[in-house]
>>> print(open('final_15.cif').read())   # mmCIF, C-alpha atoms
data_coords
loop_
_atom_site.label_atom_id
_atom_site.label_comp_id
_atom_site.auth_asym_id
_atom_site.auth_seq_id
_atom_site.Cartn_x
_atom_site.Cartn_y
_atom_site.Cartn_z
CA MET A 5 -18.24 -12.21 -2.34
CA GLN A 6 -16.57 -9.97 -4.90
CA TYR A 7 -16.86 -6.99 -2.55
CA ILE A 8 -15.12 -8.92 0.23
CA LYS A 9 -12.28 -9.86 -2.11
CA PHE A 10 -12.01 -6.22 -3.14
CA CYS A 11 -11.87 -5.13 0.52
CA LEU A 12 -9.10 -7.62 1.27
CA CYS A 13 -7.08 -6.59 -1.78
CA GLN A 14 -7.43 -2.93 -0.85
CA PHE A 15 -6.44 -3.66 2.74
CA PHE A 16 -3.29 -5.52 1.68
CA LEU A 17 -2.44 -2.82 -0.86
CA PHE A 18 -2.75 0.01 1.63
CA SER A 19 -0.92 -1.97 4.32
CA ALA A 20 1.96 -2.79 1.99
CA LEU A 21 2.30 0.82 0.92
CA PHE A 22 2.22 2.07 4.52
CA VAL A 23 4.81 -0.46 5.66
CA LEU A 24 7.05 0.44 2.74
CA ASN A 25 6.64 4.14 3.48
CA ILE A 26 7.30 3.75 7.21
CA ARG A 27 10.40 1.61 6.76
CA PHE A 28 12.07 3.64 4.00
CA ASP A 29 11.02 7.11 5.20
CA GLN A 30 13.72 7.18 7.84
CA TYR A 31 16.43 6.56 5.22
CA ILE A 32 15.32 9.07 2.58
CA SER A 33 15.91 12.67 3.68
CA ARG A 34 17.95 15.75 2.82
CA PRO A 35 20.85 15.97 2.15
CA PHE A 36 20.80 12.97 -0.16
CA THR A 37 23.59 10.57 0.60
CA ARG A 38 24.59 7.12 -0.54
CA VAL A 39 22.21 5.55 1.99
CA ASP A 40 19.31 7.55 0.54
CA PHE A 41 20.20 6.42 -2.96
CA ILE A 42 20.36 2.77 -1.87
CA ALA A 43 17.00 3.07 -0.11
CA ILE A 44 15.45 4.58 -3.24
CA CYS A 45 16.98 1.84 -5.40
CA ILE A 46 15.43 -0.78 -3.13
CA SER A 47 12.02 0.85 -2.75
CA VAL A 48 11.36 1.68 -6.42
CA PRO A 49 11.49 -1.94 -7.69
CA VAL A 50 9.33 -3.03 -4.76
CA LEU A 51 6.76 -0.36 -5.66
CA ILE A 52 6.83 -1.40 -9.31
CA ILE A 53 6.24 -5.04 -8.36
CA ILE A 54 3.37 -4.05 -6.06
CA PHE A 55 1.68 -2.01 -8.79
CA ILE A 56 2.11 -4.78 -11.38
CA VAL A 57 0.50 -7.29 -9.03
CA ILE A 58 -2.28 -4.84 -8.16
CA SER A 59 -3.07 -4.18 -11.82
CA LYS A 60 -3.38 -7.92 -12.42
CA LEU A 61 -5.58 -8.37 -9.36
CA TYR A 62 -7.89 -5.48 -10.24
CA ARG A 63 -8.85 -6.94 -13.61
CA GLN A 64 -11.28 -9.24 -11.85
CA PHE A 65 -13.08 -6.30 -10.21
CA ASP A 66 -14.39 -4.63 -13.36
CA ALA A 67 -17.97 -5.56 -12.38
CA ILE A 68 -17.81 -3.25 -9.35
CA ARG A 69 -18.71 0.34 -10.17
CA LEU A 70 -16.12 3.05 -9.54
CA ARG A 71 -18.37 4.84 -7.05
CA ASN A 72 -18.69 1.65 -5.00
CA LYS A 73 -14.93 1.08 -5.16
CA ILE A 74 -14.34 4.56 -3.75
CA PHE A 75 -16.92 4.09 -0.98
CA ILE A 76 -15.37 0.74 -0.05
CA SER A 77 -11.79 2.04 -0.19
CA ILE A 78 -12.29 4.91 2.28
CA PRO A 79 -13.13 2.77 5.37
CA VAL A 80 -10.57 0.15 4.32
CA PHE A 81 -7.93 2.91 4.14
CA ILE A 82 -8.84 4.12 7.64
CA LEU A 83 -8.79 0.54 8.97
CA SER A 84 -5.40 -0.02 7.38
CA VAL A 85 -4.01 3.15 8.98
CA PHE A 86 -5.16 2.00 12.41
CA PHE A 87 -3.87 -1.54 11.87
CA ILE A 88 -0.40 -0.45 10.72
CA GLY A 89 -0.26 2.17 13.49
CA PHE A 90 -1.08 -0.53 16.03
CA LEU A 91 1.57 -2.87 14.62
CA ASP A 92 4.14 -0.08 14.51
CA SER A 93 3.48 0.78 18.16
CA LEU A 94 4.10 -2.85 19.11
CA LEU A 95 7.44 -2.94 17.34
#
>>> encode(input="final_15.cif", output="structure tokens")
Amino acid sequence: MQYIKFCLCQFFLFSALFVLNIRFDQYISRPFTRVDFIAICISVPVLIIIFIVISKLYRQFDAIRLRNKIFISIPVFILSVFFIGFLDSLL
């Protein structure tokens, strides 16, 4: 059961990071303008909040070995890429 929870947490983490990257990537580019600065000011606090929540969630997964976490994270990462790519193609 703990492995399933870990998979779901990883999936939501990767999905949130991909969505954040996809949405703000179009606003942050050279030359840096006021719009780029505003996008950075919005995305940095969101990233900080995500990492604070993730660090609190990962405390319950100390029983899972690091090697197993890595082996679980690789297919979840690939699944998340396909899922977000599918959702992005629909929108």
>>> residues_around(input="final_15.cif", residues="stretch 19-32 of chain A", least_positions_apart="5", cutoff="9 Å", atoms="only C-alpha atoms", output="list of chain:residue names")
A:Gln14, A:Thr37, A:Val39, A:Asp40, A:Phe41, A:Ile42, A:Ala43, A:Ile44, A:Ser47, A:Val50, A:Leu51, A:Ile54, A:Phe81, A:Ser84, A:Val85, A:Phe87, A:Ile88, A:Asp92
>>> axis_aligned_box(input="final_15.cif", around="stretch 13-24 of chain A", padding_each_side="8 Å", output="JSON")
{"center_x": -0.2, "center_y": -2.3, "center_z": 1.9, "size_x": 30.5, "size_y": 24.7, "size_z": 23.4}
>>> closest_residue(input="final_15.cif", among="A:Phe10, A:Phe36, A:Phe90, A:Phe15", to="A:Arg63", atoms="all atoms listed in the file")
A:Phe10
>>> resolve_selection(input="final_15.cif", expression="the PyMOL selection byres ((chain A and resi 64) around 12)", output="list of chain:residue names")
A:Gln6, A:Tyr7, A:Lys9, A:Phe10, A:Cys13, A:Ile58, A:Ser59, A:Lys60, A:Leu61, A:Tyr62, A:Arg63, A:Phe65, A:Asp66, A:Ala67, A:Ile68
>>> closest_residue(input="final_15.cif", among="A:Leu83, A:Val48, A:Ile76, A:Leu94", to="A:Ile8", atoms="all atoms listed in the file")
A:Ile76
>>> atom_distance(input="final_15.cif", atom1="atom CA of A:Ile78", atom2="atom CA of A:Leu17")
12.9 Å
>>> atom_distance(input="final_15.cif", atom1="atom CA of A:Ile82", atom2="atom CA of A:Cys11")
12.1 Å
>>> atom_distance(input="final_15.cif", atom1="atom CA of A:Phe18", atom2="atom CA of A:Val80")
8.3 Å
>>> decode(input="final_15.cif", residues="stretch 32-82 of chain A", atoms="N, CA and C atoms", output="PDB file, in the first residue's frame")
ATOM      1  N   ILE A  32       8.430  33.092 -20.280  1.00  0.00           N
ATOM      2  CA  ILE A  32       9.800  33.372 -19.852  1.00  0.00           C
ATOM      3  C   ILE A  32      10.744  33.081 -21.012  1.00  0.00           C
ATOM      4  N   SER A  33      11.273  34.141 -21.620  1.00  0.00           N
ATOM      5  CA  SER A  33      12.200  33.993 -22.745  1.00  0.00           C
ATOM      6  C   SER A  33      13.032  35.266 -22.858  1.00  0.00           C
ATOM      7  N   ARG A  34      14.041  35.222 -23.703  1.00  0.00           N
ATOM      8  CA  ARG A  34      14.887  36.396 -23.921  1.00  0.00           C
ATOM      9  C   ARG A  34      14.253  37.298 -24.947  1.00  0.00           C
ATOM     10  N   PRO A  35      14.380  38.549 -24.935  1.00  0.00           N
ATOM     11  CA  PRO A  35      14.909  39.380 -23.860  1.00  0.00           C
ATOM     12  C   PRO A  35      13.904  39.458 -22.714  1.00  0.00           C
ATOM     13  N   PHE A  36      14.411  39.557 -21.500  1.00  0.00           N
ATOM     14  CA  PHE A  36      13.535  39.579 -20.340  1.00  0.00           C
ATOM     15  C   PHE A  36      12.784  40.898 -20.272  1.00  0.00           C
ATOM     16  N   THR A  37      11.490  40.785 -20.175  1.00  0.00           N
ATOM     17  CA  THR A  37      10.638  41.964 -20.100  1.00  0.00           C
ATOM     18  C   THR A  37       9.868  41.927 -18.787  1.00  0.00           C
ATOM     19  N   ARG A  38       8.946  42.840 -18.662  1.00  0.00           N
ATOM     20  CA  ARG A  38       8.117  42.903 -17.462  1.00  0.00           C
ATOM     21  C   ARG A  38       7.232  41.661 -17.341  1.00  0.00           C
ATOM     22  N   VAL A  39       6.753  41.148 -18.448  1.00  0.00           N
ATOM     23  CA  VAL A  39       5.919  39.941 -18.438  1.00  0.00           C
ATOM     24  C   VAL A  39       6.725  38.744 -17.938  1.00  0.00           C
ATOM     25  N   ASP A  40       7.979  38.641 -18.364  1.00  0.00           N
ATOM     26  CA  ASP A  40       8.847  37.565 -17.882  1.00  0.00           C
ATOM     27  C   ASP A  40       9.052  37.664 -16.376  1.00  0.00           C
ATOM     28  N   PHE A  41       9.283  38.869 -15.899  1.00  0.00           N
ATOM     29  CA  PHE A  41       9.492  39.062 -14.466  1.00  0.00           C
ATOM     30  C   PHE A  41       8.242  38.693 -13.672  1.00  0.00           C
ATOM     31  N   ILE A  42       7.077  39.065 -14.171  1.00  0.00           N
ATOM     32  CA  ILE A  42       5.822  38.720 -13.490  1.00  0.00           C
ATOM     33  C   ILE A  42       5.613  37.209 -13.492  1.00  0.00           C
ATOM     34  N   ALA A  43       5.908  36.557 -14.602  1.00  0.00           N
ATOM     35  CA  ALA A  43       5.769  35.097 -14.666  1.00  0.00           C
ATOM     36  C   ALA A  43       6.720  34.408 -13.697  1.00  0.00           C
ATOM     37  N   ILE A  44       7.933  34.920 -13.578  1.00  0.00           N
ATOM     38  CA  ILE A  44       8.886  34.352 -12.619  1.00  0.00           C
ATOM     39  C   ILE A  44       8.406  34.587 -11.194  1.00  0.00           C
ATOM     40  N   CYS A  45       7.882  35.775 -10.920  1.00  0.00           N
ATOM     41  CA  CYS A  45       7.380  36.075  -9.573  1.00  0.00           C
ATOM     42  C   CYS A  45       6.175  35.217  -9.203  1.00  0.00           C
ATOM     43  N   ILE A  46       5.419  34.780 -10.174  1.00  0.00           N
ATOM     44  CA  ILE A  46       4.290  33.890  -9.898  1.00  0.00           C
ATOM     45  C   ILE A  46       4.760  32.449  -9.754  1.00  0.00           C
ATOM     46  N   SER A  47       5.676  32.022 -10.605  1.00  0.00           N
ATOM     47  CA  SER A  47       6.068  30.611 -10.609  1.00  0.00           C
ATOM     48  C   SER A  47       6.974  30.226  -9.445  1.00  0.00           C
ATOM     49  N   VAL A  48       7.814  31.129  -8.978  1.00  0.00           N
ATOM     50  CA  VAL A  48       8.730  30.788  -7.877  1.00  0.00           C
ATOM     51  C   VAL A  48       7.974  30.472  -6.582  1.00  0.00           C
ATOM     52  N   PRO A  49       7.006  31.289  -6.141  1.00  0.00           N
ATOM     53  CA  PRO A  49       6.269  30.895  -4.927  1.00  0.00           C
ATOM     54  C   PRO A  49       5.484  29.594  -5.092  1.00  0.00           C
ATOM     55  N   VAL A  50       4.968  29.358  -6.283  1.00  0.00           N
ATOM     56  CA  VAL A  50       4.251  28.101  -6.519  1.00  0.00           C
ATOM     57  C   VAL A  50       5.209  26.922  -6.394  1.00  0.00           C
ATOM     58  N   LEU A  51       6.405  27.047  -6.951  1.00  0.00           N
ATOM     59  CA  LEU A  51       7.408  25.983  -6.821  1.00  0.00           C
ATOM     60  C   LEU A  51       7.822  25.774  -5.369  1.00  0.00           C
ATOM     61  N   ILE A  52       7.980  26.851  -4.629  1.00  0.00           N
ATOM     62  CA  ILE A  52       8.346  26.727  -3.218  1.00  0.00           C
ATOM     63  C   ILE A  52       7.252  26.007  -2.441  1.00  0.00           C
ATOM     64  N   ILE A  53       6.005  26.348  -2.699  1.00  0.00           N
ATOM     65  CA  ILE A  53       4.884  25.677  -2.027  1.00  0.00           C
ATOM     66  C   ILE A  53       4.847  24.203  -2.392  1.00  0.00           C
ATOM     67  N   ILE A  54       5.068  23.885  -3.662  1.00  0.00           N
ATOM     68  CA  ILE A  54       5.067  22.481  -4.086  1.00  0.00           C
ATOM     69  C   ILE A  54       6.161  21.706  -3.365  1.00  0.00           C
ATOM     70  N   PHE A  55       7.355  22.265  -3.272  1.00  0.00           N
ATOM     71  CA  PHE A  55       8.451  21.543  -2.631  1.00  0.00           C
ATOM     72  C   PHE A  55       8.271  21.432  -1.123  1.00  0.00           C
ATOM     73  N   ILE A  56       7.623  22.403  -0.487  1.00  0.00           N
ATOM     74  CA  ILE A  56       7.329  22.282   0.943  1.00  0.00           C
ATOM     75  C   ILE A  56       6.331  21.159   1.182  1.00  0.00           C
ATOM     76  N   VAL A  57       5.295  21.108   0.362  1.00  0.00           N
ATOM     77  CA  VAL A  57       4.298  20.040   0.497  1.00  0.00           C
ATOM     78  C   VAL A  57       4.928  18.681   0.219  1.00  0.00           C
ATOM     79  N   ILE A  58       5.762  18.602  -0.796  1.00  0.00           N
ATOM     80  CA  ILE A  58       6.418  17.334  -1.137  1.00  0.00           C
ATOM     81  C   ILE A  58       7.329  16.867  -0.009  1.00  0.00           C
ATOM     82  N   SER A  59       8.072  17.781   0.599  1.00  0.00           N
ATOM     83  CA  SER A  59       8.954  17.363   1.694  1.00  0.00           C
ATOM     84  C   SER A  59       8.156  16.843   2.878  1.00  0.00           C
ATOM     85  N   LYS A  60       6.987  17.412   3.123  1.00  0.00           N
ATOM     86  CA  LYS A  60       6.136  16.903   4.207  1.00  0.00           C
ATOM     87  C   LYS A  60       5.526  15.554   3.848  1.00  0.00           C
ATOM     88  N   LEU A  61       5.178  15.376   2.584  1.00  0.00           N
ATOM     89  CA  LEU A  61       4.600  14.096   2.164  1.00  0.00           C
ATOM     90  C   LEU A  61       5.629  12.972   2.172  1.00  0.00           C
ATOM     91  N   TYR A  62       6.867  13.281   1.825  1.00  0.00           N
ATOM     92  CA  TYR A  62       7.886  12.241   1.700  1.00  0.00           C
ATOM     93  C   TYR A  62       8.398  11.728   3.033  1.00  0.00           C
ATOM     94  N   ARG A  63       8.077  12.379   4.121  1.00  0.00           N
ATOM     95  CA  ARG A  63       8.509  11.884   5.430  1.00  0.00           C
ATOM     96  C   ARG A  63       7.895  10.533   5.755  1.00  0.00           C
ATOM     97  N   GLN A  64       6.736  10.255   5.213  1.00  0.00           N
ATOM     98  CA  GLN A  64       6.092   8.973   5.495  1.00  0.00           C
ATOM     99  C   GLN A  64       6.643   7.835   4.648  1.00  0.00           C
ATOM    100  N   PHE A  65       7.517   8.137   3.685  1.00  0.00           N
ATOM    101  CA  PHE A  65       8.070   7.104   2.809  1.00  0.00           C
ATOM    102  C   PHE A  65       9.518   6.752   3.144  1.00  0.00           C
ATOM    103  N   ASP A  66       9.920   6.940   4.374  1.00  0.00           N
ATOM    104  CA  ASP A  66      11.290   6.600   4.766  1.00  0.00           C
ATOM    105  C   ASP A  66      11.530   5.099   4.767  1.00  0.00           C
ATOM    106  N   ALA A  67      10.475   4.301   4.874  1.00  0.00           N
ATOM    107  CA  ALA A  67      10.634   2.843   4.911  1.00  0.00           C
ATOM    108  C   ALA A  67      10.996   2.273   3.538  1.00  0.00           C
ATOM    109  N   ILE A  68      10.718   3.010   2.478  1.00  0.00           N
ATOM    110  CA  ILE A  68      11.037   2.544   1.128  1.00  0.00           C
ATOM    111  C   ILE A  68      12.496   2.882   0.837  1.00  0.00           C
ATOM    112  N   ARG A  69      13.232   1.901   0.369  1.00  0.00           N
ATOM    113  CA  ARG A  69      14.647   2.118   0.063  1.00  0.00           C
ATOM    114  C   ARG A  69      14.807   3.047  -1.131  1.00  0.00           C
ATOM    115  N   LEU A  70      15.933   3.752  -1.175  1.00  0.00           N
ATOM    116  CA  LEU A  70      16.190   4.720  -2.243  1.00  0.00           C
ATOM    117  C   LEU A  70      16.209   4.054  -3.610  1.00  0.00           C
ATOM    118  N   ARG A  71      16.790   2.875  -3.696  1.00  0.00           N
ATOM    119  CA  ARG A  71      16.840   2.156  -4.968  1.00  0.00           C
ATOM    120  C   ARG A  71      15.429   1.867  -5.469  1.00  0.00           C
ATOM    121  N   ASN A  72      14.544   1.450  -4.580  1.00  0.00           N
ATOM    122  CA  ASN A  72      13.161   1.177  -4.971  1.00  0.00           C
ATOM    123  C   ASN A  72      12.437   2.459  -5.377  1.00  0.00           C
ATOM    124  N   LYS A  73      12.732   3.550  -4.690  1.00  0.00           N
ATOM    125  CA  LYS A  73      12.113   4.826  -5.055  1.00  0.00           C
ATOM    126  C   LYS A  73      12.513   5.242  -6.470  1.00  0.00           C
ATOM    127  N   ILE A  74      13.777   5.028  -6.800  1.00  0.00           N
ATOM    128  CA  ILE A  74      14.253   5.383  -8.141  1.00  0.00           C
ATOM    129  C   ILE A  74      13.596   4.496  -9.190  1.00  0.00           C
ATOM    130  N   PHE A  75      13.536   3.184  -8.920  1.00  0.00           N
ATOM    131  CA  PHE A  75      12.912   2.264  -9.876  1.00  0.00           C
ATOM    132  C   PHE A  75      11.419   2.521 -10.038  1.00  0.00           C
ATOM    133  N   ILE A  76      10.765   2.994  -9.012  1.00  0.00           N
ATOM    134  CA  ILE A  76       9.343   3.325  -9.107  1.00  0.00           C
ATOM    135  C   ILE A  76       9.157   4.653  -9.836  1.00  0.00           C
ATOM    136  N   SER A  77      10.051   5.604  -9.604  1.00  0.00           N
ATOM    137  CA  SER A  77       9.891   6.946 -10.161  1.00  0.00           C
ATOM    138  C   SER A  77      10.077   6.998 -11.670  1.00  0.00           C
ATOM    139  N   ILE A  78      10.908   6.132 -12.224  1.00  0.00           N
ATOM    140  CA  ILE A  78      11.171   6.171 -13.669  1.00  0.00           C
ATOM    141  C   ILE A  78       9.909   5.878 -14.484  1.00  0.00           C
ATOM    142  N   PRO A  79       9.181   4.764 -14.245  1.00  0.00           N
ATOM    143  CA  PRO A  79       7.954   4.557 -15.029  1.00  0.00           C
ATOM    144  C   PRO A  79       6.857   5.572 -14.717  1.00  0.00           C
ATOM    145  N   VAL A  80       6.816   6.050 -13.469  1.00  0.00           N
ATOM    146  CA  VAL A  80       5.819   7.064 -13.125  1.00  0.00           C
ATOM    147  C   VAL A  80       6.119   8.362 -13.870  1.00  0.00           C
ATOM    148  N   PHE A  81       7.392   8.707 -14.021  1.00  0.00           N
ATOM    149  CA  PHE A  81       7.789   9.887 -14.779  1.00  0.00           C
ATOM    150  C   PHE A  81       7.350   9.760 -16.236  1.00  0.00           C
ATOM    151  N   ILE A  82       7.600   8.612 -16.833  1.00  0.00           N
ATOM    152  CA  ILE A  82       7.216   8.382 -18.230  1.00  0.00           C
ATOM    153  C   ILE A  82       5.699   8.441 -18.383  1.00  0.00           C
TER     154      ILE A  82
END
